[in-house]
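*Asks:* Next up is a structure, given as structure tokens.
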There are 2 protein chains.
Amino acid sequence: MTTVLIVDDQPLQRYGFRMLLDSVPETEVVGEAAHGAEAVRKAAELRPDVVLMDVRMPGMDGIEATRRIVAAGGRSRVLVLTTFDLDEYVHAALRAGASGFLLKDVRPEELLAGIRAVAAGDAVIAPALTRRLLDEFTRYVPARPTGSGEDPRLGSLTDREREILVAVGKGWTNGEIATRFVLSESTVKTHVGRVLAKIGARDRIQAVIFAYDQGLARPNAG
Amino acid sequence: MTTVLIVDDQPLQRYGFRMLLDSVPETEVVGEAAHGAEAVRKAAELRPDVVLMDVRMPGMDGIEATRRIVAAGGRSRVLVLTTFDLDEYVHAALRAGASGFLLKDVRPEELLAGIRAVAAGDAVIAPALTRRLLDEFTRYVPARPTGSGEDPRLGSLTDREREILVAVGKGWTNGEIATRFVLSESTVKTHVGRVLAKIGARDRIQAVIFAYDQGLARPNAG
DNA sequence: AGCCGGGTGGTACCGCGGTACCACGTGGTC
DNA sequence: GACCACGTGGTACCGCGGTACCACCCGGCT
């Protein structure tokens with residue numbers, strides 16, 4: 001049984017979704033919300049498997065609500081729905097941590113399939129959007145270094161050194177790392193020094209770049 | 001009516017696909033191929049709307065065949081199918097120009113929906129793969145440069161300061177920037193200092209991170 | 001002429017970052 | 001017991017990075 005929270009500012013739209021989801025045994029609508037703030041509150045309270053999220057809403061929009069629900073760390077997955085297939089919406093939603101993005105003209109069985117996929121931890125994108133997304137993907141994502149997958153230099157790092165590298169990638173100073181990891185600054189320096197030597201970076205700045213290259217650090221995180 | 005070319009080295013697999021596609025009125029199987037070379041030849045000859053392409057085949061594999069069919073410039077769309085959801089396959093197929101990537105355990109109606117979408121010029125990705133793809137997407141694709149997406153702090157930078165920020169994002173030292181831009185190191189310091197002040201970064205490391213966030217710097221670029 | 005933004009350049013100072021080298025404890029492995 | 005990898009910690013030194021402050025030139029605007 002998949003529990004669903006419906007978020008949309010239009011009562012009629014919510015009614016439609018509820019009718020559809022109530023018509024099949026596998027989903028159960030556990031709540032509704034009319035705007036972002038209510039969605040965030042109810043998501044925390046009801047802990048639904050899936051949040052069906054509209055983008056355009058008065059007050060806090062669906063993107064921001066998605067961001068907060070995902071940031072809250074629960075296991076709720078957010079499936080964003082919109083009438084308009086604007087690239088900005090798609091990008092923003094995905095960056096906010098949405099597990100899926102569908103257009104409201106989706107056919108009922110496809111919406112149910114989407115909810116099923118999202119509940120299972122997968123992700124869905126409306127076919128009409130996927131094309132543009134893939135174009136950007138092939139344009140920006142570097143070709144997979146065939147075979148190895150990740151830089152061999154990463155493998156030579158110990159667990160601790162890896163943690164240190166991530167911290168360096170966040171832009172933290174040695175002092176900050178020492179404080180957060182409860183270490184002396186000398187120890188941090190020792191670790192950082194070894195990391196630099198192992199990955200062949202001359203200073204922490206190139207270590208930051210290396211961390212981004214390897215996906216250890218990522219934009220808009222931390 | 002959507003015309004389809006089935007490509008798979010296993011006759012039984014081709015038979016299964018043909019049965020399914022023949023059972024609905026909207027698709028028509030116009031040909032079959034058992035390996036890559038035959039697929040390329042028949043695609044050119046039959047000009048099908050959609051090519052259903054297996055990845056693993058003796059001789060020329062599905063990826064290379066996809067690349068050639070797409071490169072040939074016809075209007076055929078390639079929908080890649082495989083039993084194994086290896087990231088390498090997905091990347092390679094998408095780079096080769098495939099319009100879709102599905103797993104062979106897909107349900108019949110979803111395969112038909114996929115063929116329909118691909119024939120319409122859209123794209124489809126198996127939900128199980130979409131999650132990983134989106135992770136890479138948000139990691140690598142810079143935030144949408146157009147319009148509201150970009151940080152207002154960027155706008156306050158002069159052209160020269162922007163160049164300097166990009167250089168800092170590459171991990172260059174002040175001395176290196178001075179050399180490459182044919183400036184004195186003092187001047188570089190002045191510029192960097194102003195950049196840091198404007199974007200609110202305490203040191204060049206956070207400037208690097210800012211540059212990555214804004215898409216001014218990119219992994220594996222220059 | 002006067003003013004101002006942008007680019008260029010200098011001097012001086014200080015602190016963090018990076019390196020070299022060493023030390024100690026612990027938990028495995030031989 | 002001996003050895004090693006790993007994590008932790010210290011001292012000492014030096015240079016790059018960042019800041020504060022100032023100076024000059026140029027082009028555009030008033």
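Within each chain, counting starts at residue 1; across the structure tokens, chains are named A, B, ... in the order shown, with ligands numbered 1 upward in that order.
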Which neighbours of DT19 (chain D) fall inside 12 Å, counting only C-alpha atoms (C1' of nucleotides), when residues of the same chain fewer than 2 positions from it are skipped, and could you give them as a count of residues only?

*Replies:* 15

*Asks:* Go through chain C and flag each residue having an atom no more than 12 Å from chain A; for those, report the closest pair of atoms plus their distance in Å to one decimal, using only C-alpha atoms (C1' of nucleotides), ordered by chain and rising number, as JSON lines.

*Replies:*
```
{"residue": "C:DC16", "atom": "C1'", "partner": "A:Thr173", "partner_atom": "CA", "distance": 8.5}
{"residue": "C:DG17", "atom": "C1'", "partner": "A:Asp203", "partner_atom": "CA", "distance": 8.2}
{"residue": "C:DG18", "atom": "C1'", "partner": "A:Gly193", "partner_atom": "CA", "distance": 7.1}
{"residue": "C:DT19", "atom": "C1'", "partner": "A:Gly193", "partner_atom": "CA", "distance": 8.1}
{"residue": "C:DA20", "atom": "C1'", "partner": "A:Gly193", "partner_atom": "CA", "distance": 11.1}
{"residue": "C:DC21", "atom": "C1'", "partner": "A:Thr190", "partner_atom": "CA", "distance": 11.6}
```

*Asks:* Using N, CA and C atoms (P, O5', C5', C4', C3', O3' and C1' of nucleotides), can you export the residues from the last selection as an mmCIF file, in the first residue's frame?

*Replies:*
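To be explicit, this is the file written out as selection_29.cif:
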```cif
data_model
loop_
_atom_site.group_PDB
_atom_site.id
_atom_site.type_symbol
_atom_site.label_atom_id
_atom_site.label_comp_id
_atom_site.auth_asym_id
_atom_site.auth_seq_id
_atom_site.Cartn_x
_atom_site.Cartn_y
_atom_site.Cartn_z
ATOM 1 P P DC C 16 45.178 32.414 11.105
ATOM 2 O "O5'" DC C 16 44.792 31.432 9.928
ATOM 3 C "C5'" DC C 16 44.158 31.937 8.759
ATOM 4 C "C4'" DC C 16 44.654 31.193 7.554
ATOM 5 C "C3'" DC C 16 44.649 29.672 7.702
ATOM 6 O "O3'" DC C 16 43.928 29.119 6.620
ATOM 7 C "C1'" DC C 16 46.795 30.428 7.010
ATOM 8 P P DG C 17 43.841 27.564 6.386
ATOM 9 O "O5'" DG C 17 45.075 27.274 5.424
ATOM 10 C "C5'" DG C 17 45.195 28.007 4.214
ATOM 11 C "C4'" DG C 17 46.333 27.452 3.391
ATOM 12 C "C3'" DG C 17 46.380 25.930 3.310
ATOM 13 O "O3'" DG C 17 46.798 25.566 2.011
ATOM 14 C "C1'" DG C 17 48.372 26.730 4.292
ATOM 15 P P DG C 18 46.785 24.030 1.561
ATOM 16 O "O5'" DG C 18 48.318 23.632 1.651
ATOM 17 C "C5'" DG C 18 49.243 24.265 0.787
ATOM 18 C "C4'" DG C 18 50.636 23.773 1.071
ATOM 19 C "C3'" DG C 18 50.759 22.257 1.236
ATOM 20 O "O3'" DG C 18 51.777 21.782 0.370
ATOM 21 C "C1'" DG C 18 51.773 23.387 3.054
ATOM 22 P P DT C 19 52.274 20.274 0.420
ATOM 23 O "O5'" DT C 19 53.625 20.331 1.260
ATOM 24 C "C5'" DT C 19 54.598 21.307 0.922
ATOM 25 C "C4'" DT C 19 55.804 21.095 1.790
ATOM 26 C "C3'" DT C 19 56.168 19.637 2.028
ATOM 27 O "O3'" DT C 19 57.546 19.445 1.741
ATOM 28 C "C1'" DT C 19 55.994 20.776 4.094
ATOM 29 P P DA C 20 58.175 17.971 1.603
ATOM 30 O "O5'" DA C 20 59.254 17.929 2.759
ATOM 31 C "C5'" DA C 20 59.793 19.147 3.278
ATOM 32 C "C4'" DA C 20 60.463 18.843 4.602
ATOM 33 C "C3'" DA C 20 60.721 17.359 4.865
ATOM 34 O "O3'" DA C 20 62.043 17.180 5.382
ATOM 35 C "C1'" DA C 20 59.445 18.281 6.634
ATOM 36 P P DC C 21 62.657 15.709 5.495
ATOM 37 O "O5'" DC C 21 62.549 15.425 7.046
ATOM 38 C "C5'" DC C 21 62.648 16.487 7.983
ATOM 39 C "C4'" DC C 21 62.202 15.990 9.341
ATOM 40 C "C3'" DC C 21 62.176 14.471 9.478
ATOM 41 O "O3'" DC C 21 63.061 14.069 10.506
ATOM 42 C "C1'" DC C 21 60.192 15.456 10.357
#
```

*Asks:* Find the residues around Arg132 (chain B) up to 10 Å (only C-alpha atoms (C1' of nucleotides) counted), leave out those fewer than 3 positions away in its own chain, and share them as a count of residues only.

*Replies:* 9

*Asks:* Least-squares superposition of chain A on chain B, every Cα paired in order: what RMSD, in Å?

*Replies:*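 The C-alpha RMSD comes out at 7.3 Å.
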
*Asks:* Could you name the residues that touch region 37-46 of chain A at 12 Å or less, counting only C-alpha atoms (C1' of nucleotides), but leaving out those on the same chain fewer than 2 positions away, as a PyMOL selection string?

*Replies:* chain A and resi 3-9+29-35+48-55+57-78

*Asks:* Could you save those same residues with N, CA and C atoms as a CSV table (one decimal), in the first residue's frame?

*Replies:*
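For reference, selection.csv as written:
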```csv
chain,number,residue,atom,x,y,z
A,3,THR,N,1.1,5.2,0.5
A,3,THR,CA,0.3,6.4,1.0
A,3,THR,C,0.8,7.7,0.3
A,4,VAL,N,-0.2,8.5,0.0
A,4,VAL,CA,0.0,9.7,-0.9
A,4,VAL,C,-0.5,10.9,-0.2
A,5,LEU,N,0.2,12.0,-0.4
A,5,LEU,CA,-0.2,13.3,0.1
A,5,LEU,C,-0.4,14.2,-1.2
A,6,ILE,N,-1.6,14.7,-1.4
A,6,ILE,CA,-1.9,15.5,-2.6
A,6,ILE,C,-1.7,17.0,-2.3
A,7,VAL,N,-0.9,17.7,-3.1
A,7,VAL,CA,-0.7,19.1,-2.9
A,7,VAL,C,-1.1,19.9,-4.1
A,8,ASP,N,-2.1,20.7,-4.0
A,8,ASP,CA,-2.5,21.5,-5.1
A,8,ASP,C,-3.4,22.6,-4.6
A,9,ASP,N,-3.3,23.8,-5.2
A,9,ASP,CA,-4.1,24.9,-4.6
A,9,ASP,C,-5.6,24.9,-5.1
A,29,VAL,N,-4.8,7.8,-0.3
A,29,VAL,CA,-4.6,9.2,-0.1
A,29,VAL,C,-4.8,9.5,1.4
A,30,VAL,N,-3.7,9.9,2.1
A,30,VAL,CA,-3.7,10.1,3.5
A,30,VAL,C,-3.9,11.6,3.9
A,31,GLY,N,-3.8,12.5,2.9
A,31,GLY,CA,-4.0,13.9,3.2
A,31,GLY,C,-3.9,14.8,2.0
A,32,GLU,N,-4.3,16.0,2.2
A,32,GLU,CA,-4.3,17.0,1.1
A,32,GLU,C,-3.7,18.3,1.7
A,33,ALA,N,-3.1,19.1,0.8
A,33,ALA,CA,-2.6,20.4,1.2
A,33,ALA,C,-2.9,21.4,0.0
A,34,ALA,N,-3.1,22.7,0.4
A,34,ALA,CA,-3.5,23.6,-0.6
A,34,ALA,C,-2.3,24.6,-1.0
A,35,HIS,N,-1.3,24.6,-0.2
A,35,HIS,CA,-0.1,25.4,-0.5
A,35,HIS,C,1.2,24.8,0.1
A,48,PRO,N,4.0,10.5,4.3
A,48,PRO,CA,3.5,9.7,3.2
A,48,PRO,C,4.6,9.1,2.3
A,49,ASP,N,4.3,8.1,1.6
A,49,ASP,CA,5.4,7.5,0.8
A,49,ASP,C,5.7,8.4,-0.4
A,50,VAL,N,4.6,9.0,-0.9
A,50,VAL,CA,4.7,9.9,-2.1
A,50,VAL,C,4.0,11.2,-1.9
A,51,VAL,N,4.6,12.3,-2.3
A,51,VAL,CA,3.9,13.6,-2.3
A,51,VAL,C,3.7,14.0,-3.7
A,52,LEU,N,2.4,14.2,-4.0
A,52,LEU,CA,2.0,14.6,-5.4
A,52,LEU,C,2.0,16.1,-5.3
A,53,MET,N,3.0,16.8,-6.0
A,53,MET,CA,3.2,18.2,-5.7
A,53,MET,C,3.0,19.1,-7.0
A,54,ASP,N,2.1,20.0,-6.8
A,54,ASP,CA,1.9,21.0,-7.9
A,54,ASP,C,3.0,22.1,-7.8
A,55,VAL,N,3.4,22.7,-8.9
A,55,VAL,CA,4.4,23.7,-8.9
A,55,VAL,C,3.9,25.1,-8.5
A,57,MET,N,1.7,27.6,-7.0
A,57,MET,CA,0.7,27.8,-5.9
A,57,MET,C,1.0,29.1,-5.2
A,58,PRO,N,0.0,29.7,-4.7
A,58,PRO,CA,0.2,31.0,-3.9
A,58,PRO,C,1.0,30.7,-2.7
A,59,GLY,N,1.7,31.7,-2.3
A,59,GLY,CA,2.6,31.6,-1.1
A,59,GLY,C,3.8,30.8,-1.5
A,60,MET,N,4.2,29.8,-0.7
A,60,MET,CA,5.4,29.0,-1.0
A,60,MET,C,5.0,28.0,-2.1
A,61,ASP,N,5.8,28.1,-3.2
A,61,ASP,CA,5.5,27.2,-4.3
A,61,ASP,C,6.0,25.8,-4.1
A,62,GLY,N,5.7,25.0,-5.1
A,62,GLY,CA,6.0,23.5,-5.0
A,62,GLY,C,7.5,23.2,-5.0
A,63,ILE,N,8.2,24.0,-5.6
A,63,ILE,CA,9.7,23.8,-5.7
A,63,ILE,C,10.3,23.9,-4.3
A,64,GLU,N,10.0,25.1,-3.7
A,64,GLU,CA,10.5,25.3,-2.3
A,64,GLU,C,10.0,24.3,-1.3
A,65,ALA,N,8.7,23.9,-1.5
A,65,ALA,CA,8.1,22.9,-0.6
A,65,ALA,C,8.9,21.6,-0.8
A,66,THR,N,9.2,21.3,-2.0
A,66,THR,CA,9.9,20.0,-2.3
A,66,THR,C,11.3,20.0,-1.6
A,67,ARG,N,11.9,21.2,-1.8
A,67,ARG,CA,13.3,21.3,-1.2
A,67,ARG,C,13.2,21.0,0.3
A,68,ARG,N,12.2,21.6,1.0
A,68,ARG,CA,12.1,21.4,2.4
A,68,ARG,C,11.8,20.0,2.9
A,69,ILE,N,10.9,19.4,2.1
A,69,ILE,CA,10.5,18.1,2.4
A,69,ILE,C,11.6,17.1,2.3
A,70,VAL,N,12.4,17.3,1.2
A,70,VAL,CA,13.5,16.4,0.9
A,70,VAL,C,14.6,16.7,2.0
A,71,ALA,N,14.8,18.0,2.3
A,71,ALA,CA,15.8,18.3,3.3
A,71,ALA,C,15.5,17.8,4.7
A,72,ALA,N,14.2,17.6,4.9
A,72,ALA,CA,13.8,17.1,6.3
A,72,ALA,C,14.3,15.7,6.5
A,73,GLY,N,14.6,15.0,5.4
A,73,GLY,CA,15.3,13.7,5.6
A,73,GLY,C,14.4,12.5,5.7
A,74,GLY,N,13.1,12.7,5.7
A,74,GLY,CA,12.1,11.6,5.8
A,74,GLY,C,12.3,10.7,4.6
A,75,ARG,N,11.5,9.7,4.5
A,75,ARG,CA,11.6,8.8,3.3
A,75,ARG,C,10.6,9.2,2.2
A,76,SER,N,9.8,10.3,2.4
A,76,SER,CA,8.9,10.7,1.4
A,76,SER,C,9.5,11.1,0.1
A,77,ARG,N,9.0,10.6,-1.0
A,77,ARG,CA,9.5,11.0,-2.3
A,77,ARG,C,8.5,12.0,-2.9
A,78,VAL,N,9.0,12.9,-3.6
A,78,VAL,CA,8.2,14.0,-4.2
A,78,VAL,C,8.1,13.8,-5.7
```

*Asks:* Up to 12 Å from chain A, what residues of chain D turn up? Count only C-alpha atoms (C1' of nucleotides) and give them as a list in words.

*Replies:*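 The contacting residues on chain D are DA5, DC6, DG7, DT8, DG9, DG10, DT11, DC16 and DG17 of chain D.
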
*Asks:* Find, counting only C-alpha atoms, the residue in A:Ile115, A:Arg107, A:Gln206, A:Gly100 that gets nearest to Arg131 (chain B).

*Replies:*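 For Arg131 (chain B), the nearest of the given residues is A:Gly100.
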
*Asks:* Find the residues around Glu26 (chain B) up to 9 Å (only C-alpha atoms (C1' of nucleotides) counted), leave out those fewer than 4 positions away in its own chain, and share them as a list in words.

*Replies:*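 With the cut-off at 9 Å, the set is Met1, Thr2, Thr3, Leu21, Asp22 and Arg116 of chain B.
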
*Asks:* Record the distance separating CA of Arg180 (chain B) and C1' of DC25 (chain D), expressed in Å with one decimal.

*Replies:*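 Computed distance, CA of Arg180 (chain B) to C1' of DC25 (chain D), equals 22.4 Å.
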
*Asks:* Identify, with DSSP run on backbone atoms, the residues in region 43-200 of chain B assigned to alpha helix (DSSP H), and express the list as a PyMOL selection string.

*Replies:* chain B and resi 43-46+62-71+87-95+108-119+127-140+152-155+159-169+174-181+185-199

*Asks:* Okay, now the selection with C-alpha atoms, as a PDB file, in the first residue's frame?

*Replies:*
```pdb
ATOM      1  CA  ALA B  43      17.499   0.627 -41.119  1.00  0.00           C
ATOM      2  CA  ALA B  44      18.805   2.410 -44.207  1.00  0.00           C
ATOM      3  CA  GLU B  45      16.734   0.219 -46.468  1.00  0.00           C
ATOM      4  CA  LEU B  46      13.436   0.043 -44.595  1.00  0.00           C
ATOM      5  CA  GLY B  62      23.840  -2.225 -30.371  1.00  0.00           C
ATOM      6  CA  ILE B  63      25.646   0.905 -29.270  1.00  0.00           C
ATOM      7  CA  GLU B  64      27.787   1.149 -32.382  1.00  0.00           C
ATOM      8  CA  ALA B  65      24.811   0.274 -34.572  1.00  0.00           C
ATOM      9  CA  THR B  66      22.830   3.039 -32.888  1.00  0.00           C
ATOM     10  CA  ARG B  67      25.603   5.515 -33.515  1.00  0.00           C
ATOM     11  CA  ARG B  68      25.676   4.689 -37.230  1.00  0.00           C
ATOM     12  CA  ILE B  69      21.927   4.696 -37.692  1.00  0.00           C
ATOM     13  CA  VAL B  70      21.630   8.081 -36.004  1.00  0.00           C
ATOM     14  CA  ALA B  71      24.625   9.416 -37.922  1.00  0.00           C
ATOM     15  CA  ASP B  87      25.634   2.690 -16.287  1.00  0.00           C
ATOM     16  CA  GLU B  88      28.172   2.264 -19.071  1.00  0.00           C
ATOM     17  CA  TYR B  89      25.482   1.001 -21.404  1.00  0.00           C
ATOM     18  CA  VAL B  90      23.136   3.840 -20.607  1.00  0.00           C
ATOM     19  CA  HIS B  91      25.761   6.522 -21.056  1.00  0.00           C
ATOM     20  CA  ALA B  92      27.088   5.003 -24.225  1.00  0.00           C
ATOM     21  CA  ALA B  93      23.644   4.534 -25.719  1.00  0.00           C
ATOM     22  CA  LEU B  94      22.543   8.090 -24.969  1.00  0.00           C
ATOM     23  CA  ARG B  95      25.764   9.471 -26.357  1.00  0.00           C
ATOM     24  CA  PRO B 108       4.316  -4.892 -22.439  1.00  0.00           C
ATOM     25  CA  GLU B 109       2.142  -1.828 -22.138  1.00  0.00           C
ATOM     26  CA  GLU B 110       5.094   0.246 -21.006  1.00  0.00           C
ATOM     27  CA  LEU B 111       7.131  -0.895 -23.968  1.00  0.00           C
ATOM     28  CA  LEU B 112       4.309   0.117 -26.271  1.00  0.00           C
ATOM     29  CA  ALA B 113       4.042   3.458 -24.516  1.00  0.00           C
ATOM     30  CA  GLY B 114       7.786   3.838 -24.964  1.00  0.00           C
ATOM     31  CA  ILE B 115       7.624   3.105 -28.675  1.00  0.00           C
ATOM     32  CA  ARG B 116       4.779   5.549 -29.010  1.00  0.00           C
ATOM     33  CA  ALA B 117       6.738   8.274 -27.194  1.00  0.00           C
ATOM     34  CA  VAL B 118       9.904   7.683 -29.178  1.00  0.00           C
ATOM     35  CA  ALA B 119       8.002   7.716 -32.471  1.00  0.00           C
ATOM     36  CA  PRO B 127      12.534   4.504 -14.068  1.00  0.00           C
ATOM     37  CA  ALA B 128      15.154   2.308 -12.441  1.00  0.00           C
ATOM     38  CA  LEU B 129      17.836   4.118 -14.440  1.00  0.00           C
ATOM     39  CA  THR B 130      16.372   7.589 -14.248  1.00  0.00           C
ATOM     40  CA  ARG B 131      17.301   7.969 -10.594  1.00  0.00           C
ATOM     41  CA  ARG B 132      20.996   7.503 -11.221  1.00  0.00           C
ATOM     42  CA  LEU B 133      20.822   9.614 -14.333  1.00  0.00           C
ATOM     43  CA  LEU B 134      19.224  12.474 -12.417  1.00  0.00           C
ATOM     44  CA  ASP B 135      21.886  12.266  -9.731  1.00  0.00           C
ATOM     45  CA  GLU B 136      24.535  12.774 -12.359  1.00  0.00           C
ATOM     46  CA  PHE B 137      22.461  15.427 -14.022  1.00  0.00           C
ATOM     47  CA  THR B 138      22.147  17.631 -10.969  1.00  0.00           C
ATOM     48  CA  ARG B 139      25.802  17.036 -10.237  1.00  0.00           C
ATOM     49  CA  TYR B 140      27.142  18.074 -13.586  1.00  0.00           C
ATOM     50  CA  PRO B 152      22.688  38.537  -8.613  1.00  0.00           C
ATOM     51  CA  ARG B 153      26.180  38.771  -7.179  1.00  0.00           C
ATOM     52  CA  LEU B 154      27.495  37.716 -10.574  1.00  0.00           C
ATOM     53  CA  GLY B 155      25.963  40.767 -12.158  1.00  0.00           C
ATOM     54  CA  ASP B 159      33.911  41.786 -17.245  1.00  0.00           C
ATOM     55  CA  ARG B 160      37.491  41.669 -16.091  1.00  0.00           C
ATOM     56  CA  GLU B 161      36.537  40.449 -12.645  1.00  0.00           C
ATOM     57  CA  ARG B 162      34.456  37.701 -14.233  1.00  0.00           C
ATOM     58  CA  GLU B 163      37.456  36.535 -16.203  1.00  0.00           C
ATOM     59  CA  ILE B 164      39.504  36.541 -13.043  1.00  0.00           C
ATOM     60  CA  LEU B 165      36.860  34.509 -11.226  1.00  0.00           C
ATOM     61  CA  VAL B 166      36.884  31.914 -13.989  1.00  0.00           C
ATOM     62  CA  ALA B 167      40.664  31.721 -13.743  1.00  0.00           C
ATOM     63  CA  VAL B 168      40.482  31.306  -9.987  1.00  0.00           C
ATOM     64  CA  GLY B 169      37.923  28.556 -10.616  1.00  0.00           C
ATOM     65  CA  ASN B 174      47.743  34.636  -8.561  1.00  0.00           C
ATOM     66  CA  GLY B 175      51.135  34.273 -10.202  1.00  0.00           C
ATOM     67  CA  GLU B 176      49.785  31.996 -12.924  1.00  0.00           C
ATOM     68  CA  ILE B 177      46.888  34.316 -13.611  1.00  0.00           C
ATOM     69  CA  ALA B 178      49.304  37.243 -13.837  1.00  0.00           C
ATOM     70  CA  THR B 179      51.437  35.354 -16.353  1.00  0.00           C
ATOM     71  CA  ARG B 180      48.547  34.176 -18.533  1.00  0.00           C
ATOM     72  CA  PHE B 181      46.775  37.508 -18.497  1.00  0.00           C
ATOM     73  CA  GLU B 185      50.662  39.951  -9.535  1.00  0.00           C
ATOM     74  CA  SER B 186      49.626  43.086  -7.657  1.00  0.00           C
ATOM     75  CA  THR B 187      46.922  43.744 -10.181  1.00  0.00           C
ATOM     76  CA  VAL B 188      45.701  40.196  -9.954  1.00  0.00           C
ATOM     77  CA  LYS B 189      45.547  40.499  -6.202  1.00  0.00           C
ATOM     78  CA  THR B 190      43.539  43.674  -6.517  1.00  0.00           C
ATOM     79  CA  HIS B 191      41.076  41.998  -8.856  1.00  0.00           C
ATOM     80  CA  VAL B 192      40.776  38.861  -6.788  1.00  0.00           C
ATOM     81  CA  GLY B 193      40.247  40.927  -3.686  1.00  0.00           C
ATOM     82  CA  ARG B 194      37.403  42.814  -5.289  1.00  0.00           C
ATOM     83  CA  VAL B 195      35.839  39.603  -6.582  1.00  0.00           C
ATOM     84  CA  LEU B 196      35.930  38.079  -3.129  1.00  0.00           C
ATOM     85  CA  ALA B 197      34.352  41.171  -1.635  1.00  0.00           C
ATOM     86  CA  LYS B 198      31.606  41.301  -4.249  1.00  0.00           C
ATOM     87  CA  ILE B 199      30.576  37.672  -4.100  1.00  0.00           C
TER      88      ILE B 199
END
```

*Asks:* Apply DSSP to the backbone of this structure and, from region 71-168 of chain B, keep only the residues in strand (DSSP E or B); write these as a list of chain:residue names.

*Replies:*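 Matching residues, listed in order: B:Arg77, B:Val78, B:Leu79, B:Val80, B:Leu81, B:Thr82, B:Gly100, B:Phe101, B:Leu102, B:Leu103, B:Val124, B:Ile125.
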
*Asks:* So, with only C-alpha atoms as the atoms that count, which of A:Val182, A:Ile125, A:Leu103, A:Leu79 lies closest to chain B?

*Replies:* A:Ile125

*Asks:* Just give me the gap between CA of Val124 (chain B) and CA of Ala217 (chain A) in Å, one decimal is fine.

*Replies:*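 Rounded to one decimal, the two atoms are 29.0 Å apart.
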
*Asks:* Can you tell me which residues surround DC3 (chain D) at a distance of at most 12 Å, considering only C-alpha atoms (C1' of nucleotides), apart from same-chain residues fewer than 3 positions away, and format the answer as an MDAnalysis selection string?

*Replies:* chainID C and resid 28:30

*Asks:* Could you please determine the separation between CA of Gln214 (chain B) and CA of Trp172 (chain B) in Å, to one decimal place?

*Replies:*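 Distance reported for this atom pair: 18.1 Å.
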
*Asks:* Within 12 Å of DG28 (chain D), counting only C-alpha atoms (C1' of nucleotides), which residues show up once you throw out same-chain ones fewer than 6 positions away? Write them as a ChimeraX atom specification, please.

*Replies:* /C:3-6

*Asks:* Would you save the residues of that selection, restricted to N, CA and C atoms (P, O5', C5', C4', C3', O3' and C1' of nucleotides), as a CSV table (one decimal), in the first residue's frame?

*Replies:*
```csv
chain,number,residue,atom,x,y,z
C,3,DC,P,36.3,67.8,-8.9
C,3,DC,O5',35.5,66.6,-9.4
C,3,DC,C5',34.1,66.7,-9.7
C,3,DC,C4',33.6,65.4,-10.2
C,3,DC,C3',34.0,64.2,-9.4
C,3,DC,O3',32.9,63.5,-8.9
C,3,DC,C1',34.3,63.8,-11.8
C,4,DC,P,33.1,62.2,-7.9
C,4,DC,O5',33.0,60.9,-8.8
C,4,DC,C5',31.9,60.9,-9.8
C,4,DC,C4',32.1,59.6,-10.6
C,4,DC,C3',32.7,58.4,-9.8
C,4,DC,O3',31.9,57.2,-10.1
C,4,DC,C1',34.0,58.8,-11.8
C,5,DG,P,32.0,56.0,-9.1
C,5,DG,O5',32.0,54.7,-10.1
C,5,DG,C5',31.3,54.8,-11.3
C,5,DG,C4',31.9,53.9,-12.4
C,5,DG,C3',32.5,52.6,-11.9
C,5,DG,O3',32.2,51.6,-12.9
C,5,DG,C1',34.2,53.8,-12.9
C,6,DG,P,32.4,50.0,-12.5
C,6,DG,O5',33.8,49.7,-13.3
C,6,DG,C5',33.8,49.9,-14.7
C,6,DG,C4',35.2,49.7,-15.2
C,6,DG,C3',36.0,48.5,-14.7
C,6,DG,O3',36.4,47.7,-15.8
C,6,DG,C1',37.3,50.4,-14.5
```
